[in-house]
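Student: What follows is model_20.txt, made up of compact mmCIF, N, CA, C and O atoms:
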```
# COMPACT_ATOMS: atom_id res chain seq x y z
N MET A 1152 135.37 151.10 121.89
CA MET A 1152 134.66 151.05 120.63
C MET A 1152 133.78 152.29 120.51
O MET A 1152 133.09 152.67 121.44
N SER A 1153 133.80 152.94 119.36
CA SER A 1153 133.02 154.16 119.19
C SER A 1153 131.57 153.84 118.89
O SER A 1153 131.24 152.78 118.38
N GLN A 1154 130.72 154.79 119.20
CA GLN A 1154 129.30 154.61 118.94
C GLN A 1154 129.03 154.80 117.46
O GLN A 1154 129.70 155.57 116.78
N LEU A 1155 128.04 154.08 116.99
CA LEU A 1155 127.64 154.25 115.61
C LEU A 1155 126.88 155.56 115.47
O LEU A 1155 126.07 155.91 116.31
N SER A 1156 127.14 156.27 114.41
CA SER A 1156 126.42 157.51 114.16
C SER A 1156 125.71 157.41 112.83
O SER A 1156 125.85 156.44 112.09
N HIS A 1157 124.94 158.41 112.54
CA HIS A 1157 124.24 158.45 111.26
C HIS A 1157 125.27 158.51 110.14
O HIS A 1157 126.31 159.13 110.28
N PRO A 1158 124.99 157.88 109.02
CA PRO A 1158 125.91 157.99 107.89
C PRO A 1158 126.01 159.44 107.47
O PRO A 1158 125.12 160.25 107.71
N LYS A 1159 127.12 159.77 106.83
CA LYS A 1159 127.32 161.14 106.40
C LYS A 1159 126.17 161.55 105.48
O LYS A 1159 125.87 160.87 104.51
N PRO A 1160 125.51 162.66 105.81
CA PRO A 1160 124.35 163.05 105.00
C PRO A 1160 124.74 163.46 103.59
O PRO A 1160 125.73 164.13 103.38
N ARG A 1161 123.97 163.03 102.66
CA ARG A 1161 124.13 163.39 101.25
C ARG A 1161 122.77 163.82 100.72
O ARG A 1161 121.76 163.21 101.04
N PRO A 1162 122.73 164.86 99.90
CA PRO A 1162 121.42 165.31 99.40
C PRO A 1162 120.76 164.32 98.46
O PRO A 1162 119.57 164.40 98.22
N TRP A 1163 121.48 163.36 97.93
CA TRP A 1163 120.89 162.41 97.00
C TRP A 1163 120.47 161.11 97.67
O TRP A 1163 120.01 160.20 97.00
N ASN A 1164 120.61 161.01 98.98
CA ASN A 1164 120.15 159.81 99.68
C ASN A 1164 118.64 159.66 99.50
O ASN A 1164 117.89 160.62 99.64
N ARG A 1165 118.21 158.45 99.21
CA ARG A 1165 116.80 158.19 98.94
C ARG A 1165 115.98 158.17 100.22
O ARG A 1165 116.45 157.78 101.27
N ILE A 1166 114.75 158.54 100.07
CA ILE A 1166 113.76 158.40 101.13
C ILE A 1166 112.68 157.49 100.56
O ILE A 1166 112.07 157.80 99.55
N THR A 1167 112.47 156.38 101.21
CA THR A 1167 111.49 155.42 100.71
C THR A 1167 110.09 155.77 101.20
O THR A 1167 109.91 156.56 102.12
N LEU A 1168 109.11 155.15 100.58
CA LEU A 1168 107.74 155.36 101.01
C LEU A 1168 107.52 154.81 102.42
O LEU A 1168 106.73 155.38 103.19
N ALA A 1169 108.22 153.75 102.78
CA ALA A 1169 108.11 153.22 104.15
C ALA A 1169 108.64 154.23 105.16
O ALA A 1169 108.05 154.41 106.24
N GLN A 1170 109.72 154.92 104.83
CA GLN A 1170 110.25 155.95 105.72
C GLN A 1170 109.28 157.12 105.83
O GLN A 1170 109.06 157.65 106.91
N LEU A 1171 108.69 157.52 104.70
CA LEU A 1171 107.69 158.59 104.74
C LEU A 1171 106.48 158.18 105.57
O LEU A 1171 105.90 159.00 106.27
N GLN A 1172 106.12 156.91 105.51
CA GLN A 1172 104.99 156.41 106.32
C GLN A 1172 105.33 156.50 107.81
O GLN A 1172 104.48 156.89 108.62
N ARG A 1173 106.56 156.14 108.19
CA ARG A 1173 106.96 156.25 109.60
C ARG A 1173 106.96 157.70 110.06
O ARG A 1173 106.53 158.00 111.19
N ILE A 1174 107.40 158.61 109.20
CA ILE A 1174 107.37 160.03 109.54
C ILE A 1174 105.94 160.52 109.67
O ILE A 1174 105.62 161.32 110.55
N LYS A 1175 105.05 160.01 108.82
CA LYS A 1175 103.63 160.38 108.93
C LYS A 1175 103.06 159.98 110.28
O LYS A 1175 102.36 160.76 110.93
N HIS A 1176 103.36 158.77 110.72
CA HIS A 1176 102.87 158.31 112.03
C HIS A 1176 103.49 159.16 113.15
O HIS A 1176 102.81 159.48 114.13
N TRP A 1177 104.75 159.52 113.00
CA TRP A 1177 105.40 160.38 113.99
C TRP A 1177 104.70 161.73 114.05
O TRP A 1177 104.43 162.25 115.12
N ARG A 1178 104.40 162.31 112.87
CA ARG A 1178 103.72 163.61 112.82
C ARG A 1178 102.35 163.54 113.48
O ARG A 1178 101.96 164.44 114.20
N GLU A 1179 101.61 162.49 113.19
CA GLU A 1179 100.27 162.35 113.77
C GLU A 1179 100.34 162.22 115.28
O GLU A 1179 99.49 162.76 115.99
N ALA A 1180 101.34 161.53 115.79
CA ALA A 1180 101.47 161.34 117.24
C ALA A 1180 101.91 162.61 117.95
O ALA A 1180 101.59 162.81 119.13
N ARG A 1181 102.62 163.48 117.27
CA ARG A 1181 103.19 164.66 117.91
C ARG A 1181 102.63 165.98 117.37
O ARG A 1181 103.24 167.02 117.53
N HIS A 1182 101.49 165.90 116.72
CA HIS A 1182 100.92 167.11 116.12
C HIS A 1182 100.66 168.20 117.16
O HIS A 1182 100.92 169.38 116.91
N ALA A 1183 100.20 167.83 118.33
CA ALA A 1183 99.88 168.82 119.36
C ALA A 1183 101.15 169.39 120.00
O ALA A 1183 101.22 170.58 120.31
N SER A 1184 102.16 168.57 120.19
CA SER A 1184 103.36 169.04 120.89
C SER A 1184 104.36 169.73 119.97
O SER A 1184 105.15 170.55 120.43
N GLN A 1185 104.35 169.42 118.67
CA GLN A 1185 105.30 170.03 117.73
C GLN A 1185 104.57 170.45 116.46
O GLN A 1185 104.84 169.93 115.37
N PRO A 1186 103.69 171.44 116.55
CA PRO A 1186 102.88 171.80 115.39
C PRO A 1186 103.69 172.41 114.24
O PRO A 1186 103.36 172.19 113.07
N GLN A 1187 104.76 173.14 114.56
CA GLN A 1187 105.53 173.76 113.48
C GLN A 1187 106.27 172.72 112.65
O GLN A 1187 106.36 172.84 111.43
N GLU A 1188 106.81 171.71 113.32
CA GLU A 1188 107.48 170.64 112.58
C GLU A 1188 106.49 169.89 111.71
O GLU A 1188 106.80 169.53 110.57
N CYS A 1189 105.29 169.68 112.21
CA CYS A 1189 104.26 169.01 111.42
C CYS A 1189 103.87 169.85 110.20
O CYS A 1189 103.71 169.32 109.11
N ARG A 1190 103.74 171.14 110.39
CA ARG A 1190 103.41 172.03 109.27
C ARG A 1190 104.53 172.04 108.23
O ARG A 1190 104.27 172.09 107.03
N MET A 1191 105.76 172.00 108.70
CA MET A 1191 106.90 171.99 107.78
C MET A 1191 106.88 170.73 106.93
O MET A 1191 107.09 170.78 105.72
N TRP A 1192 106.62 169.58 107.58
CA TRP A 1192 106.55 168.33 106.82
C TRP A 1192 105.38 168.36 105.84
O TRP A 1192 105.47 167.83 104.73
N GLU A 1193 104.26 168.96 106.22
CA GLU A 1193 103.13 169.07 105.29
C GLU A 1193 103.52 169.91 104.07
O GLU A 1193 103.15 169.57 102.94
N ALA A 1194 104.26 170.99 104.28
CA ALA A 1194 104.73 171.81 103.17
C ALA A 1194 105.70 171.03 102.28
O ALA A 1194 105.63 171.10 101.05
N VAL A 1195 106.61 170.29 102.90
CA VAL A 1195 107.58 169.48 102.14
C VAL A 1195 106.85 168.45 101.29
O VAL A 1195 107.14 168.29 100.10
N LEU A 1196 105.89 167.77 101.87
CA LEU A 1196 105.16 166.75 101.12
C LEU A 1196 104.26 167.36 100.05
O LEU A 1196 104.06 166.76 98.99
N THR A 1197 103.74 168.55 100.29
CA THR A 1197 102.95 169.24 99.27
C THR A 1197 103.83 169.60 98.07
O THR A 1197 103.43 169.39 96.92
N LEU A 1198 105.03 170.13 98.33
CA LEU A 1198 105.95 170.45 97.23
C LEU A 1198 106.37 169.19 96.49
O LEU A 1198 106.53 169.20 95.26
N TRP A 1199 106.56 168.09 97.23
CA TRP A 1199 106.93 166.82 96.60
C TRP A 1199 105.84 166.36 95.64
O TRP A 1199 106.12 165.99 94.49
N LEU A 1200 104.60 166.41 96.10
CA LEU A 1200 103.48 166.00 95.26
C LEU A 1200 103.33 166.94 94.06
O LEU A 1200 103.11 166.48 92.93
N MET A 1201 103.47 168.23 94.28
CA MET A 1201 103.38 169.18 93.18
C MET A 1201 104.48 168.94 92.15
O MET A 1201 104.26 169.09 90.94
N GLY A 1202 105.66 168.57 92.63
CA GLY A 1202 106.76 168.29 91.72
C GLY A 1202 106.49 167.09 90.83
O GLY A 1202 106.75 167.12 89.63
N TRP A 1203 105.94 166.03 91.42
CA TRP A 1203 105.65 164.84 90.62
C TRP A 1203 104.46 165.03 89.70
O TRP A 1203 104.47 164.58 88.55
N VAL A 1204 103.43 165.68 90.18
CA VAL A 1204 102.22 165.85 89.37
C VAL A 1204 102.40 166.94 88.31
O VAL A 1204 101.78 166.89 87.25
N GLY A 1205 103.27 167.89 88.56
CA GLY A 1205 103.44 169.02 87.66
C GLY A 1205 104.11 168.72 86.34
O GLY A 1205 104.05 169.52 85.41
N TRP A 1206 104.76 167.56 86.20
CA TRP A 1206 105.45 167.24 84.96
C TRP A 1206 104.51 167.20 83.76
O TRP A 1206 104.83 167.76 82.69
N ILE A 1207 103.39 166.55 83.92
CA ILE A 1207 102.48 166.36 82.78
C ILE A 1207 101.90 167.69 82.29
O ILE A 1207 101.98 167.99 81.10
N PRO A 1208 101.33 168.53 83.17
CA PRO A 1208 100.83 169.82 82.67
C PRO A 1208 101.94 170.70 82.10
O PRO A 1208 101.72 171.40 81.10
N ALA A 1209 103.12 170.65 82.69
CA ALA A 1209 104.23 171.46 82.16
C ALA A 1209 104.61 170.97 80.76
O ALA A 1209 104.88 171.79 79.86
N PHE A 1210 104.62 169.67 80.57
CA PHE A 1210 104.94 169.12 79.25
C PHE A 1210 103.86 169.46 78.24
O PHE A 1210 104.16 169.87 77.11
N GLU A 1211 102.61 169.29 78.62
CA GLU A 1211 101.49 169.56 77.71
C GLU A 1211 101.41 171.04 77.34
O GLU A 1211 101.07 171.37 76.22
N ALA A 1212 101.71 171.91 78.28
CA ALA A 1212 101.64 173.35 78.03
C ALA A 1212 102.95 173.89 77.43
O ALA A 1212 103.06 175.09 77.19
N GLU A 1213 103.91 172.99 77.22
CA GLU A 1213 105.23 173.36 76.71
C GLU A 1213 105.87 174.44 77.58
O GLU A 1213 106.55 175.34 77.10
N ALA A 1214 105.64 174.32 78.88
CA ALA A 1214 106.24 175.24 79.85
C ALA A 1214 107.54 174.63 80.36
O ALA A 1214 107.63 174.16 81.48
N TYR A 1215 108.53 174.63 79.48
CA TYR A 1215 109.79 173.98 79.81
C TYR A 1215 110.52 174.65 80.97
O TYR A 1215 111.33 174.02 81.62
N TRP A 1216 110.20 175.88 81.22
CA TRP A 1216 110.79 176.58 82.35
C TRP A 1216 110.34 175.96 83.68
O TRP A 1216 111.00 176.12 84.71
N ALA A 1217 109.23 175.22 83.67
CA ALA A 1217 108.71 174.62 84.90
C ALA A 1217 109.40 173.30 85.24
O ALA A 1217 109.28 172.83 86.37
N PHE A 1218 110.11 172.70 84.31
CA PHE A 1218 110.77 171.42 84.58
C PHE A 1218 111.74 171.49 85.75
O PHE A 1218 111.72 170.61 86.61
N PRO A 1219 112.61 172.51 85.84
CA PRO A 1219 113.49 172.59 87.02
C PRO A 1219 112.71 172.73 88.33
O PRO A 1219 113.11 172.19 89.36
N LEU A 1220 111.58 173.44 88.29
CA LEU A 1220 110.75 173.57 89.49
C LEU A 1220 110.13 172.23 89.88
O LEU A 1220 110.05 171.90 91.07
N CYS A 1221 109.71 171.45 88.89
CA CYS A 1221 109.17 170.13 89.18
C CYS A 1221 110.25 169.22 89.76
O CYS A 1221 110.00 168.47 90.70
N LEU A 1222 111.45 169.31 89.22
CA LEU A 1222 112.55 168.51 89.74
C LEU A 1222 112.88 168.90 91.17
O LEU A 1222 113.08 168.05 92.04
N LEU A 1223 112.91 170.19 91.43
CA LEU A 1223 113.16 170.67 92.79
C LEU A 1223 112.07 170.19 93.74
O LEU A 1223 112.35 169.75 94.85
N GLY A 1224 110.82 170.26 93.31
CA GLY A 1224 109.71 169.78 94.15
C GLY A 1224 109.81 168.30 94.42
O GLY A 1224 109.58 167.85 95.54
N ALA A 1225 110.18 167.52 93.41
CA ALA A 1225 110.30 166.07 93.59
C ALA A 1225 111.45 165.72 94.53
O ALA A 1225 111.41 164.68 95.18
N CYS A 1226 112.45 166.58 94.61
CA CYS A 1226 113.61 166.32 95.48
C CYS A 1226 113.48 166.98 96.86
O CYS A 1226 114.38 166.84 97.69
N THR A 1227 112.40 167.68 97.11
CA THR A 1227 112.25 168.42 98.36
C THR A 1227 112.39 167.56 99.61
O THR A 1227 113.11 167.95 100.53
N PRO A 1228 111.77 166.38 99.71
CA PRO A 1228 111.97 165.59 100.94
C PRO A 1228 113.43 165.22 101.17
O PRO A 1228 113.93 165.30 102.29
N ARG A 1229 114.14 164.85 100.13
CA ARG A 1229 115.56 164.51 100.27
C ARG A 1229 116.36 165.71 100.76
O ARG A 1229 117.20 165.59 101.65
N LEU A 1230 116.10 166.85 100.15
CA LEU A 1230 116.84 168.05 100.53
C LEU A 1230 116.51 168.49 101.95
O LEU A 1230 117.39 168.93 102.70
N TYR A 1231 115.25 168.35 102.35
CA TYR A 1231 114.85 168.73 103.70
C TYR A 1231 115.52 167.83 104.74
O TYR A 1231 116.03 168.30 105.75
N VAL A 1232 115.52 166.52 104.48
CA VAL A 1232 116.17 165.59 105.40
C VAL A 1232 117.67 165.87 105.47
O VAL A 1232 118.26 165.85 106.54
N TYR A 1233 118.28 166.14 104.33
CA TYR A 1233 119.71 166.47 104.30
C TYR A 1233 119.99 167.70 105.16
O TYR A 1233 120.90 167.70 105.99
N TRP A 1234 119.19 168.74 104.98
CA TRP A 1234 119.38 169.96 105.76
C TRP A 1234 119.18 169.72 107.25
O TRP A 1234 119.97 170.18 108.08
N ARG A 1235 118.15 168.95 107.60
CA ARG A 1235 117.89 168.68 109.02
C ARG A 1235 118.97 167.81 109.65
O ARG A 1235 119.34 168.01 110.80
N ARG A 1236 119.50 166.84 108.89
CA ARG A 1236 120.59 166.01 109.42
C ARG A 1236 121.82 166.85 109.71
O ARG A 1236 122.48 166.68 110.73
N LYS A 1237 122.12 167.76 108.79
CA LYS A 1237 123.28 168.63 109.01
C LYS A 1237 123.06 169.55 110.21
O LYS A 1237 123.97 169.74 111.02
N ALA A 1238 121.88 170.11 110.35
CA ALA A 1238 121.57 170.99 111.49
C ALA A 1238 121.58 170.21 112.79
O ALA A 1238 122.04 170.70 113.82
N HIS A 1239 121.09 168.97 112.76
CA HIS A 1239 121.09 168.13 113.96
C HIS A 1239 122.52 167.76 114.36
O HIS A 1239 122.86 167.81 115.55
N ALA A 1240 123.33 167.42 113.39
CA ALA A 1240 124.73 167.06 113.68
C ALA A 1240 125.50 168.25 114.24
O ALA A 1240 126.37 168.08 115.10
N ALA A 1241 125.18 169.45 113.78
CA ALA A 1241 125.85 170.65 114.28
C ALA A 1241 125.20 171.17 115.56
O ALA A 1241 125.61 172.20 116.08
N GLN A 1242 124.18 170.48 116.05
CA GLN A 1242 123.44 170.82 117.27
C GLN A 1242 122.80 172.20 117.20
O GLN A 1242 122.67 172.90 118.18
N ARG A 1243 122.35 172.56 116.00
CA ARG A 1243 121.58 173.81 115.83
C ARG A 1243 120.10 173.56 116.00
O ARG A 1243 119.37 174.43 116.45
N LEU A 1244 119.64 172.37 115.61
CA LEU A 1244 118.23 171.97 115.74
C LEU A 1244 118.18 170.55 116.26
O LEU A 1244 119.02 169.73 115.90
N ARG A 1245 117.21 170.28 117.09
CA ARG A 1245 116.99 168.91 117.52
C ARG A 1245 116.00 168.26 116.57
O ARG A 1245 114.99 168.84 116.21
N CYS A 1246 116.30 167.06 116.16
CA CYS A 1246 115.47 166.37 115.19
C CYS A 1246 115.14 164.99 115.73
O CYS A 1246 115.96 164.07 115.63
N ASP A 1247 113.94 164.84 116.27
CA ASP A 1247 113.53 163.60 116.90
C ASP A 1247 113.20 162.49 115.91
O ASP A 1247 113.20 161.33 116.28
N TRP A 1248 112.94 162.81 114.69
CA TRP A 1248 112.47 161.83 113.73
C TRP A 1248 113.58 161.24 112.85
O TRP A 1248 113.32 160.37 112.03
N LEU A 1249 114.82 161.67 113.03
CA LEU A 1249 115.91 161.14 112.20
C LEU A 1249 116.09 159.64 112.36
O LEU A 1249 116.42 158.96 111.39
N ASP A 1250 115.89 159.13 113.55
CA ASP A 1250 116.07 157.69 113.74
C ASP A 1250 115.03 156.87 112.99
O ASP A 1250 115.20 155.68 112.77
N LEU A 1251 113.93 157.49 112.56
CA LEU A 1251 112.92 156.80 111.78
C LEU A 1251 113.39 156.49 110.36
O LEU A 1251 112.82 155.66 109.68
N LEU A 1252 114.43 157.18 109.92
CA LEU A 1252 114.91 157.01 108.56
C LEU A 1252 115.96 155.92 108.43
O LEU A 1252 116.39 155.59 107.34
N ASP A 1253 116.40 155.38 109.55
CA ASP A 1253 117.44 154.33 109.51
C ASP A 1253 116.84 152.96 109.39
O ASP A 1253 115.73 152.69 109.63
```
Show me, as structure tokens, the structure contained in the file I just sent.

Tutor:
Amino acid sequence: MSQLSHPKPRPWNRITLAQLQRIKHWREARHASQPQECRMWEAVLTLWLMGWVGWIPAFEAEAYWAFPLCLLGACTPRLYVYWRRKAHAAQRLRCDWLDLLD
């Protein structure tokens, strides 16, 4: 019998708030040992927040050019997890937190 593996990564796979909470606890526990990964997640979450919050000012200022940037920011966690899953599967990067998303 073969071992179960992660489902095939897709960029549109959802990340729930519970999964983000588990990643937050992982980051807090490993901040000293993996500071770059923690900084990367902080950047991802900052872009995510900017994407969600940026819709209203972009709409009010009629800055329609900013809508794709807001959408990209809102999708940043999904895209980051997708990229990391692919890199982990190809054994280019080790990703200790992937099991937190299952």

Student: Which value, in Å to one decimal, gives the distance between atom O of Gln1172 of chain A and atom N of Leu1244 of chain A?

Tutor: 22.8 Å

Student: Using all atoms listed in the file, which residue out of A:Ala1241, A:Leu1251, A:His1182, A:Cys1221 lies closest to Trp1203 of chain A?

Tutor: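 For Trp1203 of chain A, the nearest of the candidates is A:Cys1221.
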
Student: Do a neighbour search on Leu1198 of chain A at 8 Å with all atoms listed in the file, toss out local chain neighbours closer than 6 positions, and write the hits as a PyMOL selection string.

Tutor: chain A and resi 1191-1192+1204-1205+1220-1228

Student: Could you jot down the atom CA of Asp1247 of chain A to atom O of Thr1167 of chain A separation for me, Å, one decimal place?

Tutor: 16.8 Å

Student: Under the rule that only C-alpha atoms are counted, which of A:Met1201, A:Ala1209, A:Leu1252, A:Ala1194 is the nearest residue to Ala1169 of chain A?

Tutor: A:Leu1252

Student: Once DSSP has gone over the backbone, tell me which residues of chain A are in helix (DSSP H, G or I), as an MDAnalysis selection string.

Tutor: chainID A and resid 1168:1180 1186:1204 1206:1211 1215:1225 1227:1240 1249:1252

Student: Out of A:Cys1189, A:Trp1216, A:Lys1175, A:Arg1236, which residue has the shortest atom-to-atom distance to Leu1249 of chain A when counting all atoms listed in the file?

Tutor: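 Counting all atoms listed in the file, the residue closest to Leu1249 of chain A is A:Arg1236.
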
Student: Measure the distance from atom CA of Ile1174 of chain A to atom CA of Trp1206 of chain A in Å and round it to one decimal.

Tutor: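 These two atoms are separated by 25.7 Å.
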